[in-house]
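Notes for the one structure printed next.
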Amino acid sequence: MSYVAIKGGVEAIRASKELFRAQLTADAGKITDQAVREGLSFACDRIMGEGALYSEKLAAEAIRRSGGDLLEAAFYLRAHRSTCQRIGESAPVDGAALRIIRRISAAFKDIPGGQILGPSCDYVIRLLASYRRESAPLADRQPLADCAPDELSFVPSALQALRDADRILRLDCREDQPFDVTRSFPLPPYPRSALMQVMARGETGAMLAFAYTSMRGYGDVHPTIGDLRLGVAEIFFSHPFTGKKVKIGGIRVTACETVGAFSRDRRDGQLRLAVGFGFTFGYNETKAIAMSILDLAMHHEGYSVGGLRIAGNPEIIIHHVDAVESMGFTNHFKLPHYVTFQADLQVLARARENEQP
């Protein structure tokens with residue numbers, strides 16, 4: 001359905017688009033893509049994840065073109081991605097091998113590599129008037145000793161000691177080849193790789209809402225963050241001529257391991273801790289944490305209360321966290337529904353005629 005079929009619809013649509021551009025270019029023309037990348041870096045990171053395309057340049061342009069509407073910006077990236085030709089697959093990224101920017105654990109005080117607070121708003125007083133007073137110039141501060149941010153660091157997970165002691169439950173989710181949700185949509189039972197991909201490009205707010213249902217009482221009450229890290233992952237690709245792996249660049253990523261309560265391992269009946277994993281483009285702690293909680297809830301049946309599974313139901317999660325899908329379906333109701341609504345009115349009229357007094 002479209003307004004094009006309506007008399008004068010084409011002219012009206014063209015005028016609407018021009019008015020939208022005029023509304024943006026009045027002020028947005030003063031904002032450069034570089035300013036967006038540097039000043040709104042977390043917004044760029046968020047839509048790169050939800051748009052499933054890692055490109056800071058295109059993310060900044062999408063934000064500027066959409067007037068700051070992050071759902072629309074993610075739609076821009078997802079649409080552009082669909083036009084790109086795939087030339088191959090990069091090597092798997094090891095979450096333990098990052099140029100670490102931030103890395104913390106709520107499960108242990110002393111961890112290998114230490115707690116690295118890094119850049120975070122966790123410790124900021126959320127008062128607009130206090131921002132300038134608290135923000136001292138970085139040039140006036142002493143740099144950290146023995147800090148080499150440009151070097152690749154291999155820092156094991158804070159949970160590695162528990163894995164070595166066989167205290168962590170290992171999921172039996174082996175797949176010969178990861179499922180590709182960009183080529184076809186999976187059917188139940190959903191492979192874990194498909195669920196992780198859908199969540200990796202899911203909408204941050206939607207995933208937070210579903211994860212929150214688990215935290216509030218419809219699942220595991222109080223998960224613990226075992227290892228949360230922000231950093232730069234190096235990407236390797238097989239050279240098309242030599243076949244050797246070559247480094248083609250680095251991307252900002254966030255990874256999180258969340259520990260739930262213990263559960264019984266079906267393989268040998270032993271009690272072990274359940275762990276969920278979250279991984280996303282850019283620096284987005286909230287999304288990575290929510291993703292790890294959802295992963296935890298979906299793969300461990302003990303995280304449901306009274307038989308009601310919300311965050312733990314893969315059918316719910318896989319169909320309801322995608323921003324582009326949900327926004328598109330919601331906004332399509334703005335298009336003409338004249339015929340269907342007239343049918344509803346006719347059904348209402350007949351129902352009233354046949355209604356018993």
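If you're wondering about the labels, chains in the structure tokens are A, B, ... by order shown, residues count from 1 in each chain, ligands from 1 in order shown.
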How close does stretch 266-294 of chain A get to stretch 113-120 of chain A? List, as a tab-separated table, each residue of stretch 266-294 of chain A within 12 Å, its nearest atom pair and the distance in Å to one decimal, counting only C-alpha atoms.
residue	atom	partner	partner_atom	distance
A:Tyr283	CA	A:Ser120	CA	10.1
A:Asn284	CA	A:Ser120	CA	10.7
A:Glu285	CA	A:Ser120	CA	9.7
A:Thr286	CA	A:Ser120	CA	11.8
Pull the closest atom pair for each residue of stretch 207-275 of chain A that gets at most 12 Å from stretch 157-177 of chain A, along with the distance in Å to one decimal, counting only C-alpha atoms, ordering rows by chain and then ascending residue number, as JSON lines.
{"residue": "A:Thr224", "atom": "CA", "partner": "A:Leu159", "partner_atom": "CA", "distance": 11.4}
{"residue": "A:Ile225", "atom": "CA", "partner": "A:Ala158", "partner_atom": "CA", "distance": 9.8}
{"residue": "A:Gly226", "atom": "CA", "partner": "A:Leu159", "partner_atom": "CA", "distance": 6.2}
{"residue": "A:Asp227", "atom": "CA", "partner": "A:Ala158", "partner_atom": "CA", "distance": 5.6}
{"residue": "A:Leu228", "atom": "CA", "partner": "A:Ser157", "partner_atom": "CA", "distance": 8.9}
{"residue": "A:Arg229", "atom": "CA", "partner": "A:Ser157", "partner_atom": "CA", "distance": 9.3}
{"residue": "A:Ala255", "atom": "CA", "partner": "A:Ser157", "partner_atom": "CA", "distance": 10.4}
{"residue": "A:Cys256", "atom": "CA", "partner": "A:Ser157", "partner_atom": "CA", "distance": 9.7}
{"residue": "A:Glu257", "atom": "CA", "partner": "A:Leu159", "partner_atom": "CA", "distance": 8.4}
{"residue": "A:Thr258", "atom": "CA", "partner": "A:Leu159", "partner_atom": "CA", "distance": 9.7}
{"residue": "A:Val259", "atom": "CA", "partner": "A:Leu159", "partner_atom": "CA", "distance": 9.0}
{"residue": "A:Gly260", "atom": "CA", "partner": "A:Ile168", "partner_atom": "CA", "distance": 10.3}
{"residue": "A:Ala261", "atom": "CA", "partner": "A:Ile168", "partner_atom": "CA", "distance": 10.7}
{"residue": "A:Phe262", "atom": "CA", "partner": "A:Leu169", "partner_atom": "CA", "distance": 8.4}
{"residue": "A:Ser263", "atom": "CA", "partner": "A:Leu169", "partner_atom": "CA", "distance": 8.0}
{"residue": "A:Arg264", "atom": "CA", "partner": "A:Leu169", "partner_atom": "CA", "distance": 8.4}
{"residue": "A:Asp265", "atom": "CA", "partner": "A:Leu169", "partner_atom": "CA", "distance": 6.6}
{"residue": "A:Arg266", "atom": "CA", "partner": "A:Leu169", "partner_atom": "CA", "distance": 9.6}
{"residue": "A:Arg267", "atom": "CA", "partner": "A:Asp172", "partner_atom": "CA", "distance": 9.5}
{"residue": "A:Asp268", "atom": "CA", "partner": "A:Leu169", "partner_atom": "CA", "distance": 10.8}
{"residue": "A:Gly269", "atom": "CA", "partner": "A:Leu169", "partner_atom": "CA", "distance": 10.9}
{"residue": "A:Gln270", "atom": "CA", "partner": "A:Leu169", "partner_atom": "CA", "distance": 9.1}
{"residue": "A:Leu271", "atom": "CA", "partner": "A:Arg167", "partner_atom": "CA", "distance": 7.9}
{"residue": "A:Arg272", "atom": "CA", "partner": "A:Arg167", "partner_atom": "CA", "distance": 5.0}
{"residue": "A:Leu273", "atom": "CA", "partner": "A:Ile168", "partner_atom": "CA", "distance": 4.8}
{"residue": "A:Ala274", "atom": "CA", "partner": "A:Leu169", "partner_atom": "CA", "distance": 5.4}
{"residue": "A:Val275", "atom": "CA", "partner": "A:Ile168", "partner_atom": "CA", "distance": 7.1}
Can you list every residue in stretch 86-217 of chain A that DSSP puts in strand (DSSP E or B), as a list of chain:residue names? A:Ser90, A:Ala97, A:Leu98, A:Arg99, A:Ile100, A:Ile101, A:Arg102, A:Arg103, A:Ile104, A:Ile116, A:Ser153, A:Phe154, A:Ile168
Which of stretch 89-318 of chain A counts as helix (DSSP H, G or I) under DSSP, as a PyMOL selection string please? chain A and resi 128-134+138-140+160-164+192-200+204-218+285-298+301-303+314-318
Tell me, as a PyMOL selection string, which residues lie within 7 Å of A:Val181, counting only C-alpha atoms; anything in the same chain fewer than 3 positions away does not count. chain A and resi 184-186+194+197
Which of A:Glu315, A:Asp344, A:Glu325, A:Glu355 sits closest to A:Arg78 [using only C-alpha atoms]: A:Glu325
